[in-house]
$ cat work_19.tsv   # TSV, C-alpha atoms and all ligand atoms
chain	number	residue	atom	x	y	z
A	255	MET	CA	-24.94	8.26	-24.97
A	256	PHE	CA	-26.09	8.55	-21.39
A	257	THR	CA	-29.31	10.21	-20.31
A	258	HIS	CA	-31.03	10.61	-16.96
A	259	ARG	CA	-34.45	9.29	-16.09
A	260	VAL	CA	-36.58	10.03	-13.07
A	261	GLY	CA	-39.04	7.47	-11.72
A	262	ASP	CA	-40.89	8.12	-8.44
A	263	GLY	CA	-38.34	10.79	-7.56
A	264	VAL	CA	-35.40	8.46	-8.21
A	265	ASP	CA	-32.88	9.99	-10.60
A	266	PHE	CA	-30.77	7.44	-12.45
A	267	ALA	CA	-28.64	7.34	-15.58
A	268	VAL	CA	-29.12	4.96	-18.47
A	269	SER	CA	-26.98	4.24	-21.51
A	270	GLU	CA	-28.89	4.24	-24.77
A	271	ASN	CA	-26.82	1.43	-26.27
A	272	ILE	CA	-27.84	-1.09	-23.59
A	273	GLU	CA	-31.19	-2.42	-24.73
A	274	THR	CA	-32.20	-4.22	-21.56
A	275	LEU	CA	-33.25	-3.15	-18.05
A	276	HIS	CA	-30.40	-1.25	-16.42
A	277	GLY	CA	-29.53	1.90	-14.53
A	278	PHE	CA	-26.80	3.79	-12.70
A	279	SER	CA	-28.06	5.35	-9.47
A	280	THR	CA	-27.30	8.88	-8.31
A	281	ARG	CA	-27.64	10.50	-4.87
A	282	ILE	CA	-31.19	11.58	-5.68
A	283	GLY	CA	-34.43	9.97	-4.54
A	284	GLY	CA	-33.58	7.98	-1.40
A	285	VAL	CA	-34.37	8.25	2.30
A	286	SER	CA	-30.91	8.22	3.93
A	287	THR	CA	-30.22	11.27	6.08
A	288	LEU	CA	-26.70	10.71	7.46
A	289	SER	CA	-24.15	13.28	6.33
A	290	GLY	CA	-22.52	12.25	3.04
A	291	ARG	CA	-25.01	9.46	2.53
A	292	GLU	CA	-28.05	11.50	1.68
A	293	SER	CA	-30.13	10.40	0.13
A	294	MET	CA	-29.85	7.36	-2.16
A	295	ASN	CA	-27.14	5.36	-0.37
A	296	LEU	CA	-27.10	1.81	-1.68
A	297	GLY	CA	-24.26	0.49	0.45
A	298	TYR	CA	-25.09	-1.59	3.53
A	299	ASP	CA	-21.47	-1.09	4.62
A	300	ARG	CA	-21.59	2.69	4.91
A	301	GLY	CA	-22.72	3.03	8.53
A	302	ASP	CA	-26.22	3.86	7.36
A	303	ASP	CA	-29.50	2.60	8.84
A	304	PRO	CA	-30.11	-0.75	7.06
A	305	ASP	CA	-33.82	0.02	6.86
A	306	CYS	CA	-32.99	3.16	4.89
A	307	VAL	CA	-30.69	1.23	2.52
A	308	ALA	CA	-33.38	-1.43	2.02
A	309	GLU	CA	-35.94	1.25	1.17
A	310	ASN	CA	-33.45	2.87	-1.19
A	311	TYR	CA	-33.00	-0.46	-3.00
A	312	ARG	CA	-36.75	-0.90	-3.22
A	313	ARG	CA	-37.06	2.53	-4.84
A	314	PHE	CA	-34.06	2.15	-7.14
A	315	VAL	CA	-35.03	-1.30	-8.43
A	316	SER	CA	-38.63	-0.21	-8.91
A	317	ALA	CA	-37.51	2.87	-10.88
A	318	VAL	CA	-35.03	0.97	-13.06
A	319	THR	CA	-37.41	-1.91	-13.85
A	320	GLY	CA	-40.55	0.18	-14.12
A	321	GLY	CA	-42.06	-1.63	-11.13
A	322	ARG	CA	-41.54	-5.06	-12.67
A	323	TYR	CA	-39.11	-6.39	-10.08
A	324	GLY	CA	-38.37	-5.84	-6.41
A	325	PRO	CA	-35.07	-5.91	-4.52
A	326	GLU	CA	-35.51	-9.64	-3.80
A	327	ARG	CA	-34.32	-10.16	-7.40
A	328	ILE	CA	-30.88	-8.68	-6.73
A	329	ALA	CA	-27.56	-10.52	-6.92
A	330	ARG	CA	-24.92	-8.80	-4.82
A	331	ALA	CA	-21.61	-9.43	-3.07
A	332	ASP	CA	-19.03	-7.71	-0.94
A	333	GLN	CA	-16.44	-6.15	-3.25
A	334	ILE	CA	-12.71	-6.70	-2.89
A	335	HIS	CA	-11.01	-4.81	-5.76
A	336	SER	CA	-10.27	-8.08	-7.56
A	337	ASP	CA	-10.85	-9.38	-11.07
A	338	THR	CA	-13.27	-12.10	-9.92
A	339	VAL	CA	-16.48	-12.31	-11.93
A	340	ARG	CA	-19.09	-14.80	-10.73
A	341	TYR	CA	-22.04	-16.42	-12.44
A	342	ALA	CA	-25.30	-15.37	-10.83
A	343	GLY	CA	-27.93	-17.92	-11.78
A	344	ALA	CA	-30.23	-16.71	-9.03
A	345	PRO	CA	-30.69	-13.67	-6.81
A	346	GLY	CA	-28.89	-13.59	-3.48
A	347	LYS	CA	-25.70	-12.63	-1.73
A	348	TYR	CA	-22.61	-14.23	-3.25
A	349	GLU	CA	-19.05	-14.79	-2.06
A	350	PRO	CA	-16.91	-11.66	-2.45
A	351	CYS	CA	-16.25	-10.60	-6.04
A	352	ASP	CA	-16.27	-7.53	-8.28
A	353	GLY	CA	-18.49	-8.65	-11.09
A	354	PHE	CA	-21.36	-10.87	-12.13
A	355	TRP	CA	-22.67	-12.32	-15.33
A	356	THR	CA	-25.96	-14.06	-15.97
A	357	ASP	CA	-28.10	-15.64	-18.66
A	358	VAL	CA	-31.15	-15.90	-16.40
A	359	PRO	CA	-33.89	-13.33	-17.04
A	360	GLY	CA	-34.97	-11.39	-13.98
A	361	VAL	CA	-31.76	-11.73	-12.00
A	362	ILE	CA	-30.66	-8.17	-11.29
A	363	LEU	CA	-26.87	-7.96	-11.27
A	364	THR	CA	-25.54	-5.17	-9.07
A	365	VAL	CA	-22.21	-3.55	-8.28
A	366	ARG	CA	-21.56	-0.58	-6.01
A	367	VAL	CA	-19.35	2.40	-6.75
A	368	ALA	CA	-18.33	5.84	-5.52
A	369	ASP	CA	-15.65	7.05	-8.00
A	370	CYS	CA	-14.83	3.54	-9.29
A	371	ALA	CA	-16.16	2.81	-12.77
A	372	PRO	CA	-19.30	0.69	-13.10
A	373	VAL	CA	-19.18	-1.26	-16.36
A	374	LEU	CA	-22.23	-2.99	-17.83
A	375	LEU	CA	-22.02	-5.48	-20.71
A	376	TYR	CA	-24.81	-6.90	-22.82
A	377	ASP	CA	-24.96	-9.36	-25.70
A	378	LYS	CA	-28.57	-9.25	-26.80
A	379	GLU	CA	-28.43	-12.17	-29.21
A	380	ALA	CA	-26.72	-14.48	-26.70
A	381	GLY	CA	-28.99	-13.28	-23.90
A	382	ILE	CA	-26.15	-12.61	-21.48
A	383	CYS	CA	-25.33	-9.55	-19.42
A	384	ALA	CA	-22.66	-8.61	-16.90
A	385	ALA	CA	-22.02	-5.94	-14.27
A	386	LEU	CA	-18.49	-5.03	-13.20
A	387	HIS	CA	-16.99	-2.91	-10.43
A	388	ALA	CA	-13.89	-1.41	-11.98
A	389	GLY	CA	-11.85	0.58	-9.52
A	390	TRP	CA	-8.29	1.20	-10.63
A	391	ARG	CA	-7.05	-2.10	-9.22
A	392	SER	CA	-9.78	-4.25	-10.78
A	393	THR	CA	-9.40	-2.24	-13.98
A	394	VAL	CA	-5.68	-2.93	-14.26
A	395	LEU	CA	-6.11	-6.56	-13.21
A	396	GLY	CA	-8.45	-6.81	-16.19
A	397	ILE	CA	-11.96	-7.22	-14.84
A	398	ALA	CA	-13.33	-5.87	-18.14
A	399	GLU	CA	-11.55	-8.72	-19.94
A	400	LYS	CA	-12.89	-11.26	-17.45
A	401	GLY	CA	-16.42	-9.98	-18.01
A	402	VAL	CA	-16.12	-10.27	-21.79
A	403	GLU	CA	-14.50	-13.73	-21.49
A	404	ALA	CA	-17.43	-14.96	-19.38
A	405	ILE	CA	-19.90	-13.83	-22.04
A	406	VAL	CA	-17.89	-15.11	-25.01
A	407	SER	CA	-17.22	-18.52	-23.45
A	408	HIS	CA	-20.97	-19.01	-23.02
A	409	GLY	CA	-22.06	-18.27	-26.55
A	410	GLY	CA	-21.56	-14.53	-26.77
A	411	LYS	CA	-19.61	-12.67	-29.42
A	412	ALA	CA	-17.27	-9.81	-28.58
A	413	SER	CA	-18.13	-7.81	-31.71
A	414	ARG	CA	-21.78	-7.88	-30.66
A	415	ILE	CA	-21.34	-6.91	-27.01
A	416	ARG	CA	-22.52	-3.46	-26.00
A	417	ALA	CA	-20.69	-1.85	-23.10
A	418	ALA	CA	-21.50	1.11	-20.89
A	419	VAL	CA	-18.92	2.71	-18.61
A	420	GLY	CA	-21.00	4.66	-16.11
A	421	PRO	CA	-20.27	7.81	-14.11
A	422	CYS	CA	-16.88	7.56	-12.38
A	423	ILE	CA	-13.98	9.75	-11.35
A	424	HIS	CA	-12.37	11.12	-14.50
A	425	VAL	CA	-8.89	12.21	-15.42
A	426	CYS	CA	-9.72	15.78	-14.28
A	427	CYS	CA	-9.82	14.61	-10.66
A	428	PHE	CA	-8.23	11.19	-10.22
A	429	GLU	CA	-4.82	12.20	-8.91
A	430	VAL	CA	-2.52	9.27	-8.17
A	431	LYS	CA	0.89	8.73	-6.57
A	432	GLU	CA	4.06	7.10	-7.84
A	433	ASP	CA	3.28	3.73	-6.23
A	434	PHE	CA	0.15	3.63	-8.36
A	435	VAL	CA	2.24	4.11	-11.50
A	436	LYS	CA	4.52	1.24	-10.49
A	437	ASP	CA	1.55	-1.07	-9.96
A	438	VAL	CA	0.06	-0.16	-13.32
A	439	GLU	CA	3.38	-0.65	-15.09
A	440	LYS	CA	3.92	-3.99	-13.39
A	441	LEU	CA	0.53	-5.33	-14.47
A	442	ARG	CA	0.08	-3.65	-17.87
A	443	GLY	CA	3.45	-2.37	-19.00
A	444	THR	CA	4.84	1.13	-19.44
A	445	ASP	CA	3.02	1.88	-22.71
A	446	PHE	CA	-0.35	1.32	-21.09
A	447	SER	CA	0.71	3.38	-18.12
A	448	GLU	CA	1.92	6.25	-20.30
A	449	ARG	CA	-1.27	6.26	-22.35
A	450	HIS	CA	-3.56	6.53	-19.35
A	451	LEU	CA	-1.58	8.43	-16.74
A	452	LEU	CA	-1.41	12.11	-17.59
A	453	LYS	CA	1.03	14.64	-16.11
A	454	ARG	CA	-0.35	18.06	-15.23
A	455	ASP	CA	1.47	20.69	-13.16
A	456	GLY	CA	3.87	18.06	-11.90
A	457	ARG	CA	0.99	15.89	-10.72
A	458	LEU	CA	-0.27	12.59	-12.11
A	459	PHE	CA	-3.84	11.80	-13.05
A	460	ALA	CA	-5.28	8.44	-14.09
A	461	ASP	CA	-7.98	7.83	-16.69
A	462	ILE	CA	-9.83	4.67	-15.62
A	463	ALA	CA	-12.62	5.13	-18.18
A	464	ALA	CA	-10.05	5.13	-21.00
A	465	MET	CA	-8.24	2.14	-19.48
A	466	ASN	CA	-11.43	0.10	-19.45
A	467	THR	CA	-12.30	1.22	-22.97
A	468	GLU	CA	-8.91	0.09	-24.26
A	469	LEU	CA	-9.21	-3.28	-22.52
A	470	LEU	CA	-12.71	-3.81	-23.93
A	471	GLU	CA	-11.52	-2.96	-27.43
A	472	GLY	CA	-8.60	-5.32	-26.91
A	473	CYS	CA	-11.14	-8.10	-26.34
A	474	GLY	CA	-12.76	-7.38	-29.69
A	475	LEU	CA	-15.53	-4.97	-28.74
A	476	LEU	CA	-16.22	-2.32	-31.35
A	477	ARG	CA	-15.50	1.24	-30.30
A	478	GLU	CA	-18.96	2.33	-31.46
A	479	ASN	CA	-20.50	-0.24	-29.11
A	480	ILE	CA	-18.81	1.26	-26.05
A	481	SER	CA	-20.58	4.16	-24.39
A	482	ILE	CA	-18.78	6.23	-21.75
A	483	SER	CA	-20.45	8.63	-19.35
A	484	THR	CA	-18.66	11.97	-19.35
A	485	ASP	CA	-19.90	12.73	-15.83
A	486	CYS	CA	-17.09	12.91	-13.28
A	487	THR	CA	-18.33	11.78	-9.87
A	488	ARG	CA	-15.92	14.06	-8.04
A	489	CYS	CA	-16.69	17.17	-10.10
A	490	MET	CA	-20.41	16.44	-9.64
A	491	ASP	CA	-20.44	15.35	-6.02
A	492	THR	CA	-23.91	16.72	-5.30
A	493	LEU	CA	-25.35	14.40	-7.96
A	494	TYR	CA	-23.04	11.42	-7.30
A	495	PHE	CA	-21.28	9.94	-4.29
A	496	SER	CA	-17.54	10.53	-4.55
A	497	HIS	CA	-15.06	8.85	-2.23
A	498	ARG	CA	-12.43	11.45	-3.12
A	499	ALA	CA	-14.77	14.34	-2.40
A	500	LEU	CA	-16.60	13.01	0.66
A	501	GLY	CA	-14.12	10.61	2.29
A	502	VAL	CA	-15.22	7.52	4.18
A	503	ARG	CA	-18.47	9.12	5.32
A	504	ARG	CA	-20.09	8.73	1.96
A	505	GLY	CA	-22.79	6.62	0.41
A	506	SER	CA	-22.46	4.15	-2.43
A	507	MET	CA	-24.20	4.14	-5.76
A	508	CYS	CA	-25.34	1.06	-7.58
A	509	ALA	CA	-25.22	-0.01	-11.19
A	510	ALA	CA	-27.78	-2.66	-12.08
A	511	ILE	CA	-28.61	-4.72	-15.15
A	512	ALA	CA	-31.07	-7.53	-15.84
A	513	LEU	CA	-32.30	-9.48	-18.85
B	601	ZN	ZN	-13.56	15.64	-12.20

$ encode --input "work_19.tsv" --output "C-alpha cells"
Amino acid sequence: MFTHRVGDGVDFAVSENIETLHGFSTRIGGVSTLSGRESMNLGYDRGDDPDCVAENYRRFVSAVTGGRYGPERIARADQIHSDTVRYAGAPGKYEPCDGFWTDVPGVILTVRVADCAPVLLYDKEAGICAALHAGWRSTVLGIAEKGVEAIVSHGGKASRIRAAVGPCIHVCCFEVKEDFVKDVEKLRGTDFSERHLLKRDGRLFADIAAMNTELLEGCGLLRENISISTDCTRCMDTLYFSHRALGVRRGSMCAAIAL
C-alpha cells in the first residue's frame, strides 16, 4: 500500500512494503516556477533553472531520508529508455542507463519519471536495492527482469524481494497506436500484448503497471510482495508531472531508494 508523507513541505509517496529509505516525489514542495515545472521539478534536462533543481533535490532527499543524507549521496544518469541497469557503488553521475542497483548503504539510487513507471526493489536480507525507470519501452525490453537478475546474481532471492511500482500513467489514460502494439508483440509475443493492451471505444490503452507486475512475478517475486500505486499521473496532473498531460514543458519526478 502507498501512503503520502510530508516533510518540510515536501509531499512524497512511500510504499509500506519497502522497509528502507525511499520515496516517490510529487509536484509539491519545490521552488521551480516555470510553467509545467512548478514546483518540485527534479529534472536538470527540463529547461529549468539548475539552482532551482538543486534546491529541489536538497529538499526531496532531506525529506525522504529524514535529514540523514544530502543530495551529494545521489547516483543518477541520463535515461535512454533501455534495459540497462548499472551497479552504483558510489554516488555520482553514471553513463546513460535506466536503472541502478547497489549493496552500499547510503548511496541513494534515483530514476526520473513523468508517466513512466518508477519501480523500486529491495531484498532486506541480502542488503541490496534497485531503482528502475520503466517507460513502455524499458518495460517491454524487460528492465524489471534485469533489476531482479542483478539482485539475485549477487546473493538476493526473488521470493524475498519486495517491489513497489510507483505512480505512473495507468490504463485509463495511456492510449497507444498500432506501431506500439507491433513493438510489444515483437518483443513479448501476442499473448502478452493481448493481456496488457485493452480496447475501448475503438482505441487502445496500455497497462504498464500490469506489464511490470507480470514480469516481476515471472522472475519469481511473490504477488503479495509487489505493491502498485493506483495513482494515475495523468488523471492527477496537479499532484504529479505527466508528460501526456503537460507535454514537453513539464517537470520530472524522482523515485529514490537507499540502504
Ligand atoms: Zn488516468

$ closest_residue --input "work_19.tsv" --among "A:Gly284, A:Gly389, A:Gly420, A:Gly505" --to "Met255 (chain A)" --atoms "all atoms listed in the file"
A:Gly420

$ residues_near_ligand --input "work_19.tsv" --ligand "ligand ZN 601 (chain B)" --cutoff "9 Å" --atoms "all atoms listed in the file" --output "NGL selection string"
:A and (422-428 or 485-490)

$ closest_residue --input "work_19.tsv" --among "A:Ala385, A:Val367, A:Leu475, A:Leu458" --to "Phe495 (chain A)" --atoms "all atoms listed in the file"
A:Val367

$ residues_around --input "work_19.tsv" --residues "Gly456 (chain A)" --least-positions-apart "6" --cutoff "12 Å" --atoms "all atoms listed in the file" --output "JSON, numbers by chain"
{"A": [429, 430, 431, 432]}

$ write_last_selection --input "work_19.tsv" --atoms "C-alpha atoms" --output "short mmCIF file (atom, residue, chain, number, x, y, z; two decimals), keeping the file's coordinate frame"
data_model
loop_
_atom_site.label_atom_id
_atom_site.label_comp_id
_atom_site.auth_asym_id
_atom_site.auth_seq_id
_atom_site.Cartn_x
_atom_site.Cartn_y
_atom_site.Cartn_z
CA GLU A 429 -4.82 12.20 -8.91
CA VAL A 430 -2.52 9.27 -8.17
CA LYS A 431 0.89 8.73 -6.57
CA GLU A 432 4.06 7.10 -7.84
#

$ closest_residue --input "work_19.tsv" --among "A:Asp302, A:Glu326, A:Asp445, A:Glu379" --to "Ile362 (chain A)" --atoms "all atoms listed in the file"
A:Glu326

$ closest_residue --input "work_19.tsv" --among "A:Val358, A:Cys473, A:Cys383, A:Ala342" --to "Glu273 (chain A)" --atoms "only C-alpha atoms"
A:Cys383

$ closest_residue --input "work_19.tsv" --among "A:Asp303, A:Gly343, A:Val260, A:Ala368" --to "Ser496 (chain A)" --atoms "only C-alpha atoms"
A:Ala368

$ residues_around --input "work_19.tsv" --residues "Ala404 (chain A)" --least-positions-apart "6" --cutoff "12 Å" --atoms "only C-alpha atoms" --output "list in words"
Asp337, Thr338, Val339, Arg340, Tyr341, Ala342, Gly353, Phe354, Trp355, Thr356, Asp357, Leu375, Tyr376, Asp377, Ala380, Ile382, Cys383, Ala384, Ala385, Leu386, Ile397, Ala398, Gly410, Lys411, Ala412, Ile415 and Cys473 of chain A

$ closest_residue --input "work_19.tsv" --among "A:Tyr494, A:Phe434, A:Tyr323, A:Phe459" --to "Ala512 (chain A)" --atoms "all atoms listed in the file"
A:Tyr323

$ atom_distance --input "work_19.tsv" --atom1 "CA of Leu275 (chain A)" --atom2 "CA of Ser481 (chain A)"
15.9 Å

$ atom_distance --input "work_19.tsv" --atom1 "CA of Ile462 (chain A)" --atom2 "CA of Ala267 (chain A)"
19.0 Å

$ residues_around --input "work_19.tsv" --residues "His276 (chain A)" --least-positions-apart "3" --cutoff "8 Å" --atoms "only C-alpha atoms" --output "PyMOL selection string"
chain A and resi 268+272+318-319+509-512

$ axis_aligned_box --input "work_19.tsv" --around "region 350-355 of chain A" --padding-each-side "6 Å" --output "lines of an AutoDock Vina configuration file"
center_x = -19.5
center_y = -9.9
center_z = -8.9
size_x = 18.4
size_y = 16.8
size_z = 24.9

$ atom_distance --input "work_19.tsv" --atom1 "CA of His408 (chain A)" --atom2 "CA of Gly324 (chain A)"
27.4 Å

$ residues_around --input "work_19.tsv" --residues "Leu469 (chain A)" --least-positions-apart "2" --cutoff "8 Å" --atoms "only C-alpha atoms" --output "list of chain:residue names"
A:Gly396, A:Ala398, A:Glu399, A:Met465, A:Asn466, A:Thr467, A:Glu471, A:Gly472, A:Cys473

$ build_atoms --input "work_19.tsv" --residues "region 449-475 of chain A" --atoms "N, CA, C and O atoms" --output "PDB file, in the coordinates of the input"
ATOM      1  N   ARG A 449      -0.057   5.834 -21.635  1.00  0.00           N
ATOM      2  CA  ARG A 449      -1.270   6.260 -22.350  1.00  0.00           C
ATOM      3  C   ARG A 449      -2.352   6.781 -21.421  1.00  0.00           C
ATOM      4  O   ARG A 449      -3.122   7.645 -21.794  1.00  0.00           O
ATOM      5  N   HIS A 450      -2.408   6.227 -20.213  1.00  0.00           N
ATOM      6  CA  HIS A 450      -3.560   6.530 -19.350  1.00  0.00           C
ATOM      7  C   HIS A 450      -3.241   7.282 -18.072  1.00  0.00           C
ATOM      8  O   HIS A 450      -4.117   7.532 -17.267  1.00  0.00           O
ATOM      9  N   LEU A 451      -1.958   7.609 -17.885  1.00  0.00           N
ATOM     10  CA  LEU A 451      -1.580   8.430 -16.740  1.00  0.00           C
ATOM     11  C   LEU A 451      -1.047   9.754 -17.290  1.00  0.00           C
ATOM     12  O   LEU A 451      -0.042   9.782 -17.984  1.00  0.00           O
ATOM     13  N   LEU A 452      -1.759  10.822 -17.006  1.00  0.00           N
ATOM     14  CA  LEU A 452      -1.410  12.110 -17.590  1.00  0.00           C
ATOM     15  C   LEU A 452      -0.749  13.017 -16.560  1.00  0.00           C
ATOM     16  O   LEU A 452      -1.214  13.120 -15.428  1.00  0.00           O
ATOM     17  N   LYS A 453       0.327  13.684 -16.984  1.00  0.00           N
ATOM     18  CA  LYS A 453       1.030  14.640 -16.110  1.00  0.00           C
ATOM     19  C   LYS A 453       0.426  16.032 -16.296  1.00  0.00           C
ATOM     20  O   LYS A 453       0.214  16.484 -17.422  1.00  0.00           O
ATOM     21  N   ARG A 454       0.187  16.689 -15.163  1.00  0.00           N
ATOM     22  CA  ARG A 454      -0.350  18.060 -15.230  1.00  0.00           C
ATOM     23  C   ARG A 454       0.199  18.811 -14.033  1.00  0.00           C
ATOM     24  O   ARG A 454       0.003  18.386 -12.898  1.00  0.00           O
ATOM     25  N   ASP A 455       0.888  19.880 -14.249  1.00  0.00           N
ATOM     26  CA  ASP A 455       1.470  20.690 -13.160  1.00  0.00           C
ATOM     27  C   ASP A 455       2.288  19.836 -12.191  1.00  0.00           C
ATOM     28  O   ASP A 455       2.189  20.009 -10.977  1.00  0.00           O
ATOM     29  N   GLY A 456       3.036  18.908 -12.751  1.00  0.00           N
ATOM     30  CA  GLY A 456       3.870  18.060 -11.900  1.00  0.00           C
ATOM     31  C   GLY A 456       3.102  17.019 -11.116  1.00  0.00           C
ATOM     32  O   GLY A 456       3.662  16.331 -10.267  1.00  0.00           O
ATOM     33  N   ARG A 457       1.811  16.901 -11.386  1.00  0.00           N
ATOM     34  CA  ARG A 457       0.990  15.890 -10.720  1.00  0.00           C
ATOM     35  C   ARG A 457       0.529  14.859 -11.745  1.00  0.00           C
ATOM     36  O   ARG A 457       0.498  15.127 -12.937  1.00  0.00           O
ATOM     37  N   LEU A 458       0.136  13.688 -11.227  1.00  0.00           N
ATOM     38  CA  LEU A 458      -0.270  12.590 -12.110  1.00  0.00           C
ATOM     39  C   LEU A 458      -1.753  12.287 -11.954  1.00  0.00           C
ATOM     40  O   LEU A 458      -2.266  12.213 -10.830  1.00  0.00           O
ATOM     41  N   PHE A 459      -2.413  12.097 -13.079  1.00  0.00           N
ATOM     42  CA  PHE A 459      -3.840  11.800 -13.050  1.00  0.00           C
ATOM     43  C   PHE A 459      -4.122  10.554 -13.908  1.00  0.00           C
ATOM     44  O   PHE A 459      -3.563  10.412 -14.993  1.00  0.00           O
ATOM     45  N   ALA A 460      -4.988   9.686 -13.395  1.00  0.00           N
ATOM     46  CA  ALA A 460      -5.280   8.440 -14.090  1.00  0.00           C
ATOM     47  C   ALA A 460      -6.662   8.494 -14.767  1.00  0.00           C
ATOM     48  O   ALA A 460      -7.595   9.095 -14.237  1.00  0.00           O
ATOM     49  N   ASP A 461      -6.737   7.854 -15.910  1.00  0.00           N
ATOM     50  CA  ASP A 461      -7.980   7.830 -16.690  1.00  0.00           C
ATOM     51  C   ASP A 461      -8.540   6.394 -16.711  1.00  0.00           C
ATOM     52  O   ASP A 461      -8.236   5.611 -17.618  1.00  0.00           O
ATOM     53  N   ILE A 462      -9.349   6.059 -15.701  1.00  0.00           N
ATOM     54  CA  ILE A 462      -9.830   4.670 -15.620  1.00  0.00           C
ATOM     55  C   ILE A 462     -10.894   4.365 -16.685  1.00  0.00           C
ATOM     56  O   ILE A 462     -11.029   3.223 -17.115  1.00  0.00           O
ATOM     57  N   ALA A 463     -11.622   5.381 -17.122  1.00  0.00           N
ATOM     58  CA  ALA A 463     -12.620   5.130 -18.180  1.00  0.00           C
ATOM     59  C   ALA A 463     -11.895   4.730 -19.466  1.00  0.00           C
ATOM     60  O   ALA A 463     -12.289   3.781 -20.152  1.00  0.00           O
ATOM     61  N   ALA A 464     -10.816   5.446 -19.776  1.00  0.00           N
ATOM     62  CA  ALA A 464     -10.050   5.130 -21.000  1.00  0.00           C
ATOM     63  C   ALA A 464      -9.358   3.774 -20.873  1.00  0.00           C
ATOM     64  O   ALA A 464      -9.266   3.030 -21.849  1.00  0.00           O
ATOM     65  N   MET A 465      -8.868   3.456 -19.670  1.00  0.00           N
ATOM     66  CA  MET A 465      -8.240   2.140 -19.480  1.00  0.00           C
ATOM     67  C   MET A 465      -9.234   1.032 -19.786  1.00  0.00           C
ATOM     68  O   MET A 465      -8.929   0.076 -20.515  1.00  0.00           O
ATOM     69  N   ASN A 466     -10.423   1.141 -19.227  1.00  0.00           N
ATOM     70  CA  ASN A 466     -11.430   0.100 -19.450  1.00  0.00           C
ATOM     71  C   ASN A 466     -11.843   0.030 -20.924  1.00  0.00           C
ATOM     72  O   ASN A 466     -12.059  -1.053 -21.459  1.00  0.00           O
ATOM     73  N   THR A 467     -11.943   1.191 -21.553  1.00  0.00           N
ATOM     74  CA  THR A 467     -12.300   1.220 -22.970  1.00  0.00           C
ATOM     75  C   THR A 467     -11.251   0.488 -23.798  1.00  0.00           C
ATOM     76  O   THR A 467     -11.581  -0.334 -24.669  1.00  0.00           O
ATOM     77  N   GLU A 468      -9.984   0.764 -23.520  1.00  0.00           N
ATOM     78  CA  GLU A 468      -8.910   0.090 -24.260  1.00  0.00           C
ATOM     79  C   GLU A 468      -8.948  -1.424 -24.047  1.00  0.00           C
ATOM     80  O   GLU A 468      -8.799  -2.202 -24.995  1.00  0.00           O
ATOM     81  N   LEU A 469      -9.185  -1.842 -22.798  1.00  0.00           N
ATOM     82  CA  LEU A 469      -9.210  -3.280 -22.520  1.00  0.00           C
ATOM     83  C   LEU A 469     -10.402  -3.942 -23.217  1.00  0.00           C
ATOM     84  O   LEU A 469     -10.288  -5.058 -23.733  1.00  0.00           O
ATOM     85  N   LEU A 470     -11.529  -3.251 -23.248  1.00  0.00           N
ATOM     86  CA  LEU A 470     -12.710  -3.810 -23.930  1.00  0.00           C
ATOM     87  C   LEU A 470     -12.450  -3.936 -25.430  1.00  0.00           C
ATOM     88  O   LEU A 470     -12.776  -4.957 -26.046  1.00  0.00           O
ATOM     89  N   GLU A 471     -11.848  -2.898 -26.000  1.00  0.00           N
ATOM     90  CA  GLU A 471     -11.520  -2.960 -27.430  1.00  0.00           C
ATOM     91  C   GLU A 471     -10.518  -4.075 -27.705  1.00  0.00           C
ATOM     92  O   GLU A 471     -10.597  -4.762 -28.728  1.00  0.00           O
ATOM     93  N   GLY A 472      -9.600  -4.260 -26.772  1.00  0.00           N
ATOM     94  CA  GLY A 472      -8.600  -5.320 -26.910  1.00  0.00           C
ATOM     95  C   GLY A 472      -9.234  -6.706 -26.934  1.00  0.00           C
ATOM     96  O   GLY A 472      -8.671  -7.656 -27.476  1.00  0.00           O
ATOM     97  N   CYS A 473     -10.417  -6.815 -26.341  1.00  0.00           N
ATOM     98  CA  CYS A 473     -11.140  -8.100 -26.340  1.00  0.00           C
ATOM     99  C   CYS A 473     -11.967  -8.284 -27.606  1.00  0.00           C
ATOM    100  O   CYS A 473     -12.629  -9.306 -27.774  1.00  0.00           O
ATOM    101  N   GLY A 474     -12.007  -7.255 -28.455  1.00  0.00           N
ATOM    102  CA  GLY A 474     -12.760  -7.380 -29.690  1.00  0.00           C
ATOM    103  C   GLY A 474     -14.061  -6.591 -29.727  1.00  0.00           C
ATOM    104  O   GLY A 474     -14.829  -6.679 -30.686  1.00  0.00           O
ATOM    105  N   LEU A 475     -14.331  -5.810 -28.680  1.00  0.00           N
ATOM    106  CA  LEU A 475     -15.530  -4.970 -28.740  1.00  0.00           C
ATOM    107  C   LEU A 475     -15.285  -3.830 -29.724  1.00  0.00           C
ATOM    108  O   LEU A 475     -14.160  -3.338 -29.856  1.00  0.00           O
TER     109      LEU A 475
END
